[in-house]
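To be precise, the following lines are structure.tsv, and they hold TSV, C-alpha atoms.
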```tsv
chain	number	residue	atom	x	y	z
A	1	MET	CA	-20.63	5.59	9.54
A	2	SER	CA	-21.12	2.19	7.89
A	3	TRP	CA	-18.33	-0.36	8.11
A	4	PRO	CA	-17.14	-2.44	5.18
A	5	GLU	CA	-18.05	-6.10	5.48
A	6	ASN	CA	-14.95	-7.88	6.67
A	7	SER	CA	-14.71	-11.42	8.02
A	8	ALA	CA	-11.73	-10.45	10.18
A	9	PHE	CA	-13.97	-8.33	12.40
A	10	SER	CA	-16.45	-9.24	15.12
A	11	PRO	CA	-20.10	-9.51	14.10
A	12	VAL	CA	-20.94	-8.47	17.68
A	13	LEU	CA	-18.74	-5.37	17.83
A	14	PRO	CA	-18.05	-4.52	14.17
A	15	THR	CA	-15.05	-2.27	14.87
A	16	LEU	CA	-13.28	-4.96	16.89
A	17	GLN	CA	-10.83	-6.90	14.77
A	18	LEU	CA	-10.55	-10.56	15.73
A	19	ALA	CA	-8.16	-11.88	13.06
A	20	TRP	CA	-4.85	-10.04	13.15
A	21	ASP	CA	-2.01	-10.08	10.64
A	22	SER	CA	1.25	-8.13	10.69
A	23	VAL	CA	-0.16	-5.27	8.61
A	24	SER	CA	-3.08	-4.56	10.92
A	25	SER	CA	-1.12	-5.08	14.15
A	26	GLY	CA	1.78	-3.00	12.85
A	27	THR	CA	-0.62	-0.24	11.86
A	28	LEU	CA	-2.32	-0.17	15.26
A	29	LYS	CA	1.06	-0.12	17.00
A	30	GLU	CA	2.10	2.82	14.83
A	31	CYS	CA	-1.01	4.95	15.31
A	32	PRO	CA	-4.56	4.05	16.39
A	33	ARG	CA	-6.01	6.73	14.08
A	34	LEU	CA	-4.05	5.39	11.12
A	35	TYR	CA	-5.43	1.96	12.01
A	36	GLN	CA	-8.99	3.31	12.13
A	37	LEU	CA	-8.70	5.02	8.76
A	38	SER	CA	-6.76	2.40	6.80
A	39	ILE	CA	-7.82	-0.92	8.35
A	40	ILE	CA	-11.27	-0.41	9.92
A	41	GLU	CA	-12.63	2.09	7.41
A	42	GLY	CA	-10.45	0.84	4.55
A	43	TRP	CA	-9.24	4.14	3.14
A	44	GLN	CA	-6.17	4.07	0.95
A	45	SER	CA	-4.46	6.73	-1.07
A	46	LYS	CA	-5.43	6.95	-4.74
A	47	LYS	CA	-1.77	7.28	-5.54
A	48	LYS	CA	-0.08	3.90	-5.52
A	49	ASN	CA	3.14	3.37	-3.62
A	50	ILE	CA	5.92	2.10	-5.89
A	51	HIS	CA	7.82	0.47	-3.02
A	52	LEU	CA	4.77	-1.56	-2.06
A	53	GLU	CA	3.93	-2.39	-5.69
A	54	PHE	CA	7.51	-3.35	-6.50
A	55	GLY	CA	7.67	-5.62	-3.45
A	56	ILE	CA	4.40	-7.35	-4.35
A	57	LEU	CA	5.64	-7.87	-7.91
A	58	MET	CA	8.95	-9.40	-6.78
A	59	HIS	CA	7.20	-11.68	-4.30
A	60	SER	CA	4.74	-12.86	-6.91
A	61	ALA	CA	7.40	-13.51	-9.55
A	62	ARG	CA	9.55	-15.39	-7.04
A	63	GLU	CA	6.53	-17.42	-5.95
A	64	LEU	CA	5.82	-18.42	-9.53
A	65	TYR	CA	9.43	-19.52	-10.00
A	66	TYR	CA	9.50	-21.66	-6.85
A	67	ARG	CA	6.21	-23.30	-7.74
A	68	ARG	CA	7.55	-24.21	-11.19
A	69	ARG	CA	10.82	-25.56	-9.76
A	70	ALA	CA	9.00	-27.61	-7.14
A	71	ASN	CA	6.93	-29.12	-9.96
A	72	GLY	CA	10.12	-30.31	-11.68
A	73	GLN	CA	10.48	-27.53	-14.27
A	74	ASP	CA	14.09	-26.52	-15.00
A	75	HIS	CA	15.70	-23.22	-14.06
A	76	GLU	CA	15.82	-21.74	-17.54
A	77	VAL	CA	12.16	-22.15	-18.37
A	78	SER	CA	11.15	-21.07	-14.88
A	79	VAL	CA	13.23	-17.87	-15.14
A	80	ARG	CA	11.61	-17.06	-18.49
A	81	GLU	CA	8.14	-17.54	-17.02
A	82	ALA	CA	9.01	-15.32	-14.07
A	83	LEU	CA	10.32	-12.66	-16.46
A	84	ASN	CA	7.19	-12.87	-18.58
A	85	PHE	CA	5.10	-12.49	-15.43
A	86	VAL	CA	6.97	-9.29	-14.52
A	87	LEU	CA	6.49	-7.89	-18.01
A	88	GLU	CA	2.77	-8.70	-18.03
A	89	TYR	CA	2.22	-7.40	-14.49
A	90	THR	CA	3.80	-4.05	-15.35
A	91	TRP	CA	1.90	-3.57	-18.62
A	92	ASP	CA	-1.23	-1.45	-18.91
A	93	PHE	CA	-3.35	-3.60	-21.24
A	94	GLU	CA	-6.04	-0.93	-21.54
A	95	LEU	CA	-3.72	1.80	-22.72
A	96	ASP	CA	-1.27	-0.64	-24.33
A	97	ARG	CA	1.79	0.78	-22.66
A	98	PRO	CA	3.80	0.17	-19.47
A	99	LEU	CA	1.90	0.94	-16.26
A	100	ALA	CA	2.57	4.51	-15.18
A	101	ILE	CA	3.45	3.48	-11.61
A	102	PHE	CA	6.34	1.40	-12.98
A	103	ALA	CA	7.71	4.24	-15.08
A	104	GLU	CA	8.11	7.00	-12.49
A	105	ASP	CA	10.96	5.93	-10.23
A	106	SER	CA	14.56	5.67	-11.45
A	107	TYR	CA	15.29	2.80	-9.03
A	108	LYS	CA	12.09	0.79	-8.92
A	109	ASN	CA	10.55	0.50	-12.36
A	110	ARG	CA	9.62	-2.03	-15.05
A	111	PHE	CA	13.15	-2.43	-16.31
A	112	THR	CA	14.81	-2.81	-12.91
A	113	ALA	CA	12.08	-5.26	-11.86
A	114	ALA	CA	12.79	-7.47	-14.88
A	115	ARG	CA	16.54	-7.23	-14.36
A	116	THR	CA	16.27	-7.88	-10.62
A	117	ILE	CA	14.16	-11.02	-10.96
A	118	VAL	CA	16.49	-12.54	-13.60
A	119	TRP	CA	19.63	-11.72	-11.61
A	120	TYR	CA	18.06	-12.83	-8.33
A	121	LEU	CA	16.91	-16.20	-9.66
A	122	ASP	CA	20.30	-16.78	-11.28
A	123	GLN	CA	22.03	-15.83	-8.04
A	124	TRP	CA	20.18	-18.56	-6.19
A	125	GLU	CA	19.86	-21.13	-8.98
A	126	HIS	CA	21.71	-23.66	-6.83
A	127	ASP	CA	19.99	-22.53	-3.68
A	128	PRO	CA	21.17	-24.13	-0.44
A	129	LEU	CA	17.69	-23.35	0.91
A	130	GLU	CA	15.37	-26.18	-0.02
A	131	THR	CA	11.68	-25.34	-0.36
A	132	ILE	CA	9.57	-27.48	2.00
A	133	ILE	CA	6.99	-29.67	0.29
A	134	LEU	CA	3.75	-29.70	2.25
A	135	ALA	CA	1.72	-32.80	3.09
A	136	ASN	CA	-0.57	-32.04	0.14
A	137	GLY	CA	2.43	-32.24	-2.20
A	138	ARG	CA	2.56	-28.53	-2.91
A	139	PRO	CA	5.59	-26.31	-2.33
A	140	ALA	CA	5.43	-24.14	0.78
A	141	VAL	CA	5.42	-20.75	-0.94
A	142	GLU	CA	3.01	-17.93	0.01
A	143	VAL	CA	1.84	-20.08	2.88
A	144	SER	CA	-1.25	-18.75	4.61
A	145	PHE	CA	-1.61	-19.50	8.31
A	146	LYS	CA	-4.39	-18.94	10.81
A	147	TYR	CA	-4.75	-20.12	14.41
A	148	GLU	CA	-6.52	-19.12	17.60
A	149	LEU	CA	-4.32	-17.32	20.11
A	150	GLY	CA	-6.13	-18.65	23.16
A	151	VAL	CA	-7.15	-15.10	24.03
A	152	GLU	CA	-10.86	-14.33	24.42
A	153	ALA	CA	-12.24	-10.99	23.33
A	154	CYS	CA	-14.73	-9.01	25.42
A	155	THR	CA	-17.41	-10.26	23.00
A	156	GLY	CA	-16.70	-13.88	23.92
A	157	GLU	CA	-15.07	-14.53	20.53
A	158	GLN	CA	-11.50	-15.78	20.06
A	159	PHE	CA	-8.67	-13.65	18.74
A	160	VAL	CA	-6.84	-15.18	15.77
A	161	HIS	CA	-3.31	-14.68	14.46
A	162	CYS	CA	-3.04	-14.98	10.68
A	163	GLY	CA	-0.80	-14.05	7.79
A	164	HIS	CA	1.23	-15.25	4.85
A	165	ILE	CA	4.82	-16.49	4.97
A	166	ASP	CA	6.71	-16.14	1.67
A	167	ARG	CA	8.42	-19.49	1.72
A	168	LEU	CA	9.29	-22.26	4.16
A	169	VAL	CA	12.70	-23.82	3.63
A	170	ARG	CA	15.09	-26.33	5.10
A	171	PHE	CA	18.66	-25.13	5.68
A	172	GLN	CA	21.32	-26.94	7.70
A	173	ASP	CA	18.72	-29.45	8.87
A	174	LYS	CA	16.51	-26.75	10.31
A	175	LEU	CA	13.22	-25.27	9.24
A	176	TRP	CA	13.21	-21.56	8.38
A	177	GLY	CA	10.83	-18.98	7.05
A	178	SER	CA	12.17	-17.02	4.09
A	179	ASP	CA	11.20	-13.49	3.12
A	180	LEU	CA	12.31	-11.24	0.27
A	181	LYS	CA	12.95	-7.57	1.00
A	182	THR	CA	13.87	-5.05	-1.70
A	183	SER	CA	15.67	-1.81	-0.95
A	184	LYS	CA	17.51	1.01	-2.65
A	185	ASN	CA	20.01	0.91	0.18
A	186	GLU	CA	23.15	-1.09	0.70
A	187	LEU	CA	22.71	-4.57	2.15
A	188	ASN	CA	24.90	-4.25	5.20
A	189	ALA	CA	24.69	-4.84	8.93
A	190	TYR	CA	22.34	-1.87	9.31
A	191	PHE	CA	19.95	-3.34	6.74
A	192	PHE	CA	19.70	-6.71	8.48
A	193	ALA	CA	19.69	-5.18	11.95
A	194	SER	CA	16.54	-3.27	10.95
A	195	PHE	CA	14.56	-6.53	11.24
A	196	THR	CA	15.23	-6.88	14.96
A	197	PRO	CA	13.02	-5.87	16.60
A	198	ASP	CA	10.39	-6.13	13.88
A	199	ASN	CA	6.70	-6.85	14.39
A	200	GLN	CA	6.24	-8.76	11.13
A	201	LEU	CA	9.22	-11.10	11.47
A	202	SER	CA	8.61	-11.70	15.18
A	203	GLY	CA	5.04	-12.63	14.25
A	204	TYR	CA	6.24	-15.01	11.54
A	205	SER	CA	8.70	-16.66	13.93
A	206	PHE	CA	5.99	-16.97	16.57
A	207	ALA	CA	3.54	-18.42	14.06
A	208	GLY	CA	6.11	-20.87	12.71
A	209	LYS	CA	6.57	-22.38	16.13
A	210	VAL	CA	2.80	-22.72	16.58
A	211	ILE	CA	1.53	-23.95	13.23
A	212	LEU	CA	4.25	-26.38	12.20
A	213	GLU	CA	5.01	-29.70	13.80
A	214	GLU	CA	8.66	-28.68	13.81
A	215	PRO	CA	9.66	-25.28	15.25
A	216	THR	CA	11.23	-22.78	12.89
A	217	ALA	CA	14.78	-21.64	13.62
A	218	GLY	CA	13.95	-18.12	12.45
A	219	ILE	CA	13.52	-16.13	9.28
A	220	ILE	CA	16.06	-15.91	6.46
A	221	VAL	CA	15.80	-12.49	4.84
A	222	ASP	CA	16.74	-12.37	1.19
A	223	GLY	CA	17.83	-8.79	0.59
A	224	ALA	CA	17.73	-7.36	-2.93
A	225	GLN	CA	19.37	-3.99	-3.41
A	226	VAL	CA	17.89	-2.36	-6.50
A	227	GLY	CA	20.13	0.29	-8.01
A	228	VAL	CA	19.71	2.24	-11.21
A	229	GLY	CA	22.24	0.11	-13.07
A	230	PHE	CA	22.58	-3.00	-10.93
A	231	SER	CA	20.89	-5.36	-8.49
A	232	ARG	CA	22.79	-6.89	-5.60
A	233	PHE	CA	21.79	-9.66	-3.22
A	234	ALA	CA	22.61	-10.84	0.31
A	235	ARG	CA	21.00	-13.02	2.94
A	236	GLY	CA	20.58	-12.50	6.64
A	237	LEU	CA	19.45	-14.75	9.46
A	238	VAL	CA	16.85	-13.11	11.65
A	239	LEU	CA	16.81	-15.05	14.89
A	240	ARG	CA	14.40	-14.87	17.80
A	241	SER	CA	15.00	-16.53	21.13
A	242	GLN	CA	12.04	-18.11	22.90
A	243	ALA	CA	12.24	-15.31	25.48
A	244	GLN	CA	11.98	-12.71	22.71
A	245	LEU	CA	8.96	-14.48	21.23
A	246	ASP	CA	7.31	-14.67	24.65
A	247	GLU	CA	7.91	-10.94	25.07
A	248	TRP	CA	6.46	-10.21	21.61
A	249	PHE	CA	3.34	-12.23	22.48
A	250	GLU	CA	2.89	-10.38	25.77
A	251	GLY	CA	3.01	-7.12	23.82
A	252	PHE	CA	0.58	-8.52	21.27
A	253	LYS	CA	-1.95	-9.37	23.99
A	254	VAL	CA	-1.67	-5.87	25.46
A	255	MET	CA	-2.24	-4.49	21.96
A	256	LEU	CA	-5.39	-6.64	21.62
A	257	ARG	CA	-6.76	-5.22	24.87
A	258	ALA	CA	-5.99	-1.73	23.60
A	259	ALA	CA	-7.89	-2.54	20.39
A	260	GLU	CA	-10.86	-3.63	22.49
A	261	GLY	CA	-10.72	-0.40	24.46
A	262	TYR	CA	-10.67	1.73	21.30
A	263	ALA	CA	-13.54	-0.26	19.77
A	264	LYS	CA	-15.68	0.01	22.92
A	265	ALA	CA	-14.99	3.75	23.16
A	266	ASN	CA	-15.50	4.07	19.39
A	267	PHE	CA	-12.44	6.31	19.37
A	268	TRP	CA	-8.94	5.75	18.01
A	269	PRO	CA	-6.58	8.50	19.20
A	270	MET	CA	-3.87	10.01	17.04
A	271	ASN	CA	-0.24	9.28	17.75
A	272	GLU	CA	0.94	12.73	16.74
A	273	LYS	CA	4.56	11.60	16.95
A	274	ALA	CA	4.06	9.30	13.98
A	275	CYS	CA	2.67	11.81	11.47
A	276	TYR	CA	5.85	12.40	9.48
A	277	GLY	CA	5.53	10.62	6.14
A	278	CYS	CA	2.03	9.35	6.90
A	279	SER	CA	-0.34	9.48	3.91
A	280	PHE	CA	-3.17	10.57	6.23
A	281	CYS	CA	-1.28	13.52	7.73
A	282	ASP	CA	-3.15	15.98	5.52
A	283	ILE	CA	-6.48	14.49	6.63
A	284	CYS	CA	-5.67	14.52	10.34
A	285	SER	CA	-4.44	18.11	10.09
A	286	ARG	CA	-7.99	19.22	9.20
A	287	SER	CA	-10.86	19.82	11.55
A	288	PRO	CA	-12.83	16.61	12.31
A	289	GLN	CA	-16.07	17.79	10.68
A	290	VAL	CA	-14.51	18.17	7.21
A	291	ARG	CA	-12.25	15.12	7.16
A	292	GLU	CA	-14.76	12.77	5.55
A	293	LYS	CA	-15.09	15.06	2.52
A	294	TRP	CA	-11.33	15.21	2.14
A	295	LEU	CA	-11.08	11.45	2.44
A	296	GLN	CA	-13.67	10.97	-0.27
A	297	ALA	CA	-11.81	13.36	-2.54
A	298	ASP	CA	-8.29	11.99	-2.14
A	299	PHE	CA	-8.71	8.36	-1.10
A	300	THR	CA	-10.49	5.21	-2.22
A	301	LYS	CA	-11.89	2.38	-0.13
A	302	ARG	CA	-10.79	-1.21	-0.03
A	303	THR	CA	-11.31	-4.02	2.45
A	304	TRP	CA	-8.22	-5.25	4.28
A	305	ASP	CA	-9.19	-8.81	5.16
A	306	PRO	CA	-6.20	-10.83	6.33
A	307	LEU	CA	-8.30	-14.01	6.34
A	308	ILE	CA	-8.26	-14.17	2.57
A	309	THR	CA	-5.78	-16.96	1.97
A	310	ARG	CA	-3.15	-17.10	-0.74
A	311	GLY	CA	-1.31	-20.34	-0.23
A	312	ASP	CA	-1.71	-23.85	0.94
A	313	ILE	CA	-2.19	-24.27	4.68
B	1	MET	CA	20.32	5.17	5.58
B	2	SER	CA	22.16	6.58	2.64
B	3	GLU	CA	23.14	5.05	-0.65
B	4	THR	CA	26.83	4.41	-0.27
B	5	HIS	CA	27.67	2.67	-3.50
B	6	THR	CA	25.88	3.19	-6.79
B	7	PRO	CA	27.76	2.13	-9.87
B	8	SER	CA	27.11	4.19	-12.96
B	9	PRO	CA	24.00	3.32	-14.94
B	10	LEU	CA	24.61	0.97	-17.82
B	11	ALA	CA	25.50	2.50	-21.13
B	12	GLU	CA	22.61	3.59	-23.33
B	13	ALA	CA	23.50	1.02	-26.01
B	14	GLU	CA	23.18	-1.89	-23.59
B	15	VAL	CA	19.73	-0.91	-22.41
B	16	SER	CA	18.49	0.00	-25.87
B	17	SER	CA	18.90	-3.59	-27.10
B	18	LEU	CA	16.06	-4.45	-24.70
B	19	ASP	CA	14.07	-1.31	-25.47
B	20	GLU	CA	12.50	-2.87	-28.52
B	21	ASP	CA	11.22	-5.86	-26.53
B	22	PHE	CA	10.07	-3.69	-23.67
B	23	SER	CA	7.87	-1.61	-25.95
B	24	HIS	CA	5.91	-4.67	-27.12
B	25	ARG	CA	2.69	-5.86	-25.57
B	26	PRO	CA	3.21	-9.04	-23.48
B	27	PRO	CA	3.09	-12.02	-23.37
B	28	PHE	CA	6.33	-12.97	-25.10
B	29	ASP	CA	7.21	-16.25	-26.76
B	30	GLY	CA	9.92	-18.51	-25.37
B	31	ALA	CA	12.57	-17.44	-27.87
B	32	THR	CA	12.10	-13.75	-27.15
B	33	LEU	CA	12.18	-14.36	-23.41
B	34	ALA	CA	15.35	-16.44	-23.79
B	35	ARG	CA	16.98	-13.58	-25.69
B	36	MET	CA	15.96	-11.08	-23.04
B	37	VAL	CA	17.26	-13.30	-20.25
B	38	ALA	CA	20.57	-13.67	-22.11
B	39	GLU	CA	20.79	-9.89	-22.45
B	40	PHE	CA	20.20	-9.38	-18.74
B	41	ARG	CA	22.90	-11.96	-18.02
B	42	ARG	CA	25.39	-10.16	-20.23
B	43	MET	CA	24.64	-6.99	-18.28
B	44	ARG	CA	25.24	-8.80	-15.03
B	45	VAL	CA	28.60	-10.21	-16.12
B	46	LYS	CA	29.68	-6.75	-17.21
B	47	TRP	CA	28.46	-5.16	-13.99
B	48	GLN	CA	30.15	-7.82	-11.86
B	49	ALA	CA	33.44	-7.20	-13.69
B	50	GLY	CA	33.15	-3.49	-12.95
B	51	GLU	CA	32.12	-4.20	-9.38
B	52	GLY	CA	35.18	-6.42	-8.88
B	53	SER	CA	37.62	-3.78	-10.09
B	54	ALA	CA	35.87	-1.07	-8.06
B	55	ALA	CA	36.07	-3.21	-4.92
B	56	ALA	CA	39.77	-3.86	-5.49
B	57	LYS	CA	40.47	-0.11	-5.61
B	58	LYS	CA	38.42	0.61	-2.52
B	59	ALA	CA	40.01	0.66	0.93
B	60	PRO	CA	38.47	-1.84	3.37
B	61	ARG	CA	35.61	-0.29	5.32
B	62	ALA	CA	35.25	-0.49	9.06
B	63	LYS	CA	32.25	-2.60	9.99
B	64	VAL	CA	29.61	-0.89	12.10
B	65	ALA	CA	28.50	-4.03	13.84
B	66	LYS	CA	29.91	-7.46	14.44
B	67	PRO	CA	27.57	-9.97	12.87
B	68	SER	CA	28.98	-13.36	12.09
B	69	ALA	CA	29.37	-13.80	8.35
B	70	ILE	CA	28.48	-17.36	7.49
B	71	PRO	CA	29.23	-18.49	3.94
B	72	LEU	CA	25.95	-19.46	2.31
B	73	GLY	CA	26.07	-20.27	-1.34
B	74	GLU	CA	27.54	-17.35	-3.23
B	75	GLY	CA	26.64	-14.66	-0.73
B	76	ASP	CA	27.43	-13.79	2.83
B	77	LEU	CA	24.84	-14.42	5.43
B	78	TRP	CA	24.58	-12.05	8.35
B	79	ALA	CA	23.37	-13.30	11.68
B	80	ALA	CA	22.93	-11.42	14.92
B	81	GLU	CA	22.84	-13.60	18.02
B	82	PRO	CA	19.85	-12.61	20.18
B	83	GLU	CA	21.31	-14.21	23.28
B	84	GLY	CA	24.87	-12.94	22.85
B	85	GLU	CA	26.67	-11.05	25.61
B	86	PRO	CA	27.92	-7.46	25.37
B	87	GLN	CA	31.48	-7.18	24.01
```
Here is the file; what I need is its structure written in the form of structure tokens.
Amino acid sequence: MSWPENSAFSPVLPTLQLAWDSVSSGTLKECPRLYQLSIIEGWQSKKKNIHLEFGILMHSARELYYRRRANGQDHEVSVREALNFVLEYTWDFELDRPLAIFAEDSYKNRFTAARTIVWYLDQWEHDPLETIILANGRPAVEVSFKYELGVEACTGEQFVHCGHIDRLVRFQDKLWGSDLKTSKNELNAYFFASFTPDNQLSGYSFAGKVILEEPTAGIIVDGAQVGVGFSRFARGLVLRSQAQLDEWFEGFKVMLRAAEGYAKANFWPMNEKACYGCSFCDICSRSPQVREKWLQADFTKRTWDPLITRGDI
Amino acid sequence: MSETHTPSPLAEAEVSSLDEDFSHRPPFDGATLARMVAEFRRMRVKWQAGEGSAAAKKAPRAKVAKPSAIPLGEGDLWAAEPEGEPQ
């Protein structure tokens, strides 16, 4: 087995990940075998996931809007640019038609994406959340962070926590992270409660306290409910006490030691209780000696490198 | 989690006014984008009017949890207190 070149991994022990983001840590916590297949070996389904694609599109369009606004451009022109971005992103320029992935789902598609971004940006035109302007003068949107955890790996290298926070804002004189989450479901107490506990948002809160001179108060989740004929919005505060963050970090360190153990044993066991809905279930259900052939037939490879930065830190 | 409230899809005629634009290859000029934005806004006003009358007819629902609803701009903001005591 040859491993894809990935700067997030140890040159000494190539299956030991040193730089961890929420995707890779969440995947390992879910199932070590899923982590091996999707993060270490880089397999991903050939069939794209509309929920993932729709989320990426919304984040990117929102990012564009906030960058324009922070540069002094007015709301109207910024909304039009965000809309144009959505329409370009969802167009198949080779076949000269809308991308197939954005034409298959009655809730999340090209039309509802365009409608949602216009309605969302109008909803928060006079946003009480003020985007932080970084020391370099740029707005704090899609902010990449990376710092050493103070935990040494068995190889003598340092573990790193990294990731990307959608937006840093000031609200009621406090600093907050802000994240956009789209859903088909109603934005109620259940929706916002689903982010506590949550590996990603705990990680963002932990990182905010480490990388910024001023501690973050928490994460503000912007919920966008995408229906067939409407889009609805609500916001929720996702708070973490210091004791909760300490607990999350203790768990994170235990997870790192587990990752070391798997890498040294060169074996990542299945969590058979997490197979329902997993895209690799069909692979894992086959005998080990034929899995590689099935992977090559149904999956493609990509490199998940969380050290590739997007923003401005 | 189940979908508990899904208003009817917009009428065919409303969507079809954008169909023409949506079938064209991007990018779009400023005037076309402005027209599309205006069309989406008309849809929103109409949907909000329908949403308001539907909400008025609906009996108040029991809340499943007790988050504090803090007014934030136009929407409600839900916050769960991590250090709160059992009630």
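For the residues A:Pro197, A:Asp282, A:Glu81, A:Gln172, ranking by smallest atom-to-atom distance to B:Val37 using all atoms listed in the file places A:Glu81 first.
Distances from A:Ala114, A:Val221, A:Leu18, A:Val141 to A:Leu187 were compared using only C-alpha atoms, and the smallest one belongs to A:Val221.
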Atom CA of A:Ile39 to atom CA of A:Thr303, distance in Å rounded to a single decimal: 7.5 Å
Near chain B, which residues of chain A fall within 9 Å when you count all atoms listed in the file, and what do they look like as a PDB file with C-alpha atoms, in the coordinates of the input?
```pdb
ATOM      1  CA  GLU A  76      15.820 -21.740 -17.540  1.00  0.00           C
ATOM      2  CA  VAL A  77      12.160 -22.150 -18.370  1.00  0.00           C
ATOM      3  CA  VAL A  79      13.230 -17.870 -15.140  1.00  0.00           C
ATOM      4  CA  ARG A  80      11.610 -17.060 -18.490  1.00  0.00           C
ATOM      5  CA  GLU A  81       8.140 -17.540 -17.020  1.00  0.00           C
ATOM      6  CA  LEU A  83      10.320 -12.660 -16.460  1.00  0.00           C
ATOM      7  CA  ASN A  84       7.190 -12.870 -18.580  1.00  0.00           C
ATOM      8  CA  PHE A  85       5.100 -12.490 -15.430  1.00  0.00           C
ATOM      9  CA  LEU A  87       6.490  -7.890 -18.010  1.00  0.00           C
ATOM     10  CA  GLU A  88       2.770  -8.700 -18.030  1.00  0.00           C
ATOM     11  CA  TRP A  91       1.900  -3.570 -18.620  1.00  0.00           C
ATOM     12  CA  ASP A  92      -1.230  -1.450 -18.910  1.00  0.00           C
ATOM     13  CA  PHE A  93      -3.350  -3.600 -21.240  1.00  0.00           C
ATOM     14  CA  ASP A  96      -1.270  -0.640 -24.330  1.00  0.00           C
ATOM     15  CA  ARG A  97       1.790   0.780 -22.660  1.00  0.00           C
ATOM     16  CA  PRO A  98       3.800   0.170 -19.470  1.00  0.00           C
ATOM     17  CA  ARG A 110       9.620  -2.030 -15.050  1.00  0.00           C
ATOM     18  CA  PHE A 111      13.150  -2.430 -16.310  1.00  0.00           C
ATOM     19  CA  ALA A 114      12.790  -7.470 -14.880  1.00  0.00           C
ATOM     20  CA  ARG A 115      16.540  -7.230 -14.360  1.00  0.00           C
ATOM     21  CA  VAL A 118      16.490 -12.540 -13.600  1.00  0.00           C
ATOM     22  CA  TRP A 119      19.630 -11.720 -11.610  1.00  0.00           C
ATOM     23  CA  ASP A 122      20.300 -16.780 -11.280  1.00  0.00           C
ATOM     24  CA  GLN A 123      22.030 -15.830  -8.040  1.00  0.00           C
ATOM     25  CA  TRP A 124      20.180 -18.560  -6.190  1.00  0.00           C
ATOM     26  CA  HIS A 126      21.710 -23.660  -6.830  1.00  0.00           C
ATOM     27  CA  ASP A 127      19.990 -22.530  -3.680  1.00  0.00           C
ATOM     28  CA  PRO A 128      21.170 -24.130  -0.440  1.00  0.00           C
ATOM     29  CA  LYS A 184      17.510   1.010  -2.650  1.00  0.00           C
ATOM     30  CA  ASN A 185      20.010   0.910   0.180  1.00  0.00           C
ATOM     31  CA  GLU A 186      23.150  -1.090   0.700  1.00  0.00           C
ATOM     32  CA  ASN A 188      24.900  -4.250   5.200  1.00  0.00           C
ATOM     33  CA  ALA A 189      24.690  -4.840   8.930  1.00  0.00           C
ATOM     34  CA  TYR A 190      22.340  -1.870   9.310  1.00  0.00           C
ATOM     35  CA  PHE A 191      19.950  -3.340   6.740  1.00  0.00           C
ATOM     36  CA  PHE A 192      19.700  -6.710   8.480  1.00  0.00           C
ATOM     37  CA  ALA A 193      19.690  -5.180  11.950  1.00  0.00           C
ATOM     38  CA  THR A 196      15.230  -6.880  14.960  1.00  0.00           C
ATOM     39  CA  ILE A 220      16.060 -15.910   6.460  1.00  0.00           C
ATOM     40  CA  GLY A 227      20.130   0.290  -8.010  1.00  0.00           C
ATOM     41  CA  VAL A 228      19.710   2.240 -11.210  1.00  0.00           C
ATOM     42  CA  GLY A 229      22.240   0.110 -13.070  1.00  0.00           C
ATOM     43  CA  PHE A 230      22.580  -3.000 -10.930  1.00  0.00           C
ATOM     44  CA  SER A 231      20.890  -5.360  -8.490  1.00  0.00           C
ATOM     45  CA  PHE A 233      21.790  -9.660  -3.220  1.00  0.00           C
ATOM     46  CA  ALA A 234      22.610 -10.840   0.310  1.00  0.00           C
ATOM     47  CA  ARG A 235      21.000 -13.020   2.940  1.00  0.00           C
ATOM     48  CA  GLY A 236      20.580 -12.500   6.640  1.00  0.00           C
ATOM     49  CA  LEU A 237      19.450 -14.750   9.460  1.00  0.00           C
ATOM     50  CA  VAL A 238      16.850 -13.110  11.650  1.00  0.00           C
ATOM     51  CA  LEU A 239      16.810 -15.050  14.890  1.00  0.00           C
ATOM     52  CA  ARG A 240      14.400 -14.870  17.800  1.00  0.00           C
ATOM     53  CA  SER A 241      15.000 -16.530  21.130  1.00  0.00           C
ATOM     54  CA  GLN A 244      11.980 -12.710  22.710  1.00  0.00           C
TER      55      GLN A 244
END
```
Between atom CA of A:Lys273 and atom CA of A:Ser285, distance in Å (one decimal): 13.1 Å
Near-A:Val210 list (12 Å; all atoms listed in the file; drop same-chain fewer than 3 positions) as a ChimeraX atom specification: /A:145-150,161-162,203-207,213-216,245
Counting all atoms listed in the file, the option among A:Ala140, A:Phe102, A:Glu63, A:Phe267 closest to A:Arg170: A:Ala140
Two-atom distance - atom CA of A:Ala113, atom CA of A:Ser183 (Å):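 Between atom CA of A:Ala113 and atom CA of A:Ser183 the gap is 12.0 Å.
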Contact residues around A:Ile133 with only C-alpha atoms at 9 Å, ignoring same-chain residues under 6 positions, as an MDAnalysis selection string: chainID A and resid 70 139:140 168:169
